Amino acid sequence: MPELPEVETVRRGLEQKLNNFVIKKVEVCRNSTVAYPPNTEEFIQGLNNSLLCKWDRRGKYLIAELKKIENENSFLDFEKSSKDNGFLIVHLRMTGYFKFIDNSTQPCKHTRIRLFDKKNNELRFIDVRSFGQMWWIKEGLSPNKIIKGLGSLGPEPFSSDFDAKYLKKVISKRKKSIKAVLLDQTIVAGIGNIYADESLYSAGISPFRQAKTIKKNELINLKESIVNVLKKSIGSGGTTFSDFRDLEGENGNFGLQTNVYRRTGKECRICRNLIVKKKIAGRSTHWCPNCQK
């Protein structure tokens with residue numbers, strides 16, 4: 001599943017590529033991809049004539065601010081010729097990705113949503129497993145109330161709210177493993193299996209440790225490790241082990257730099273002991289028993 005660096009990579013690509021992209025046609029190829037509104041036709045009508053004016057990210061959610069263009073002849077002065085039209089929100093889930101196509105072609109069988117501008121440029125959402133979702137939240141409604149997962153997210157790893165003091169507060173009584181805690185999106189937004197493993201390795205902390213046993217100095221190291229690992233991955237365009245692609249269809253390169261994730265049986269880059277794998281909370285976990293205590 002795409003995690004924070006992959007979603008951030010997609011956000012940056014969308015923001016760069018979709019400058020002045022006004023949706024003139026919406027084609028829904030799979031109704032179940034539209035999570036809200038319940039009526040697919042309302043979703044289509046809501047997006048029509050909307051400018052994708054700004055892309056944000058919250059955890060693993062992509063959030064586009066929309067402006068309804070009322071007079072396209074005054075498009076260059078769209079602030080006067082448009083009104084707020086809520087948000088288009090996307091969750092890629094396991095295999096969802098966007099592809100920008102400037103010479104429209106026949107869609108593949110995994111195409112779920114197609115957005116076209118007046119020049120017939122296409123923003124295509126492709127999703128092999130079909131778990132990805134889209135919401136059109138019209139102006140006046142609260143995305144956090146309509147999308148339960150969005151409203152319950154913990155702080156962003158890059159925010160000032162995410163520090164050792166916060167971590168100590170939220171884990172002080174938790175008996176769960178620190179790995180399971182890092183995967184909890186209500187505690188910290190955007191971290192998944194790959195970056196939990198990599199961050200714990202960087203901090204020298206065993207993924208099996210009970211969260212409440214992690215000392216203050218270790219939490220300081222863990223917070224810094226999380227931030228550094230995520231920044232490094234964003235700089236590499238995210239990680240690709242299966243389906244993730246950026247807007248241009250390119251793989252992320254961070255997978256070439258992982259220290260433990262999917263390196264079972266290979267030598268630790270520091271101590272040369274072998275990386276091992278075991279499941280925690282149903283997720284495959286990779287670590288070095290010698291370096292992580």
# chains A, B, ... in the order shown; residues from 1 in each chain; ligands from 1
$ select_by_dssp --residues "stretch 155-186 of chain A" --states "alpha helix (DSSP H)" --output "list in words"
Ala164, Lys165, Tyr166, Leu167, Lys168, Lys169, Val170, Ile171, Ile178, Lys179, Ala180, Val181 and Leu182 of chain A
$ closest_residue --among "A:Val22, A:Leu247, A:Leu141, A:Ile270" --to "A:Phe98" --atoms "only C-alpha atoms"
A:Leu247
$ closest_residue --among "A:Lys223, A:Ser81, A:Ser236, A:Phe87" --to "A:Gly140" --atoms "only C-alpha atoms"
A:Phe87
$ atom_distance --atom1 "atom CA of A:Ile126" --atom2 "atom CA of A:Leu182"
28.6 Å
$ closest_residue --among "A:Gln210, A:Gly151, A:Tyr166, A:Ile220" --to "A:Thr186" --atoms "only C-alpha atoms"
A:Gly151
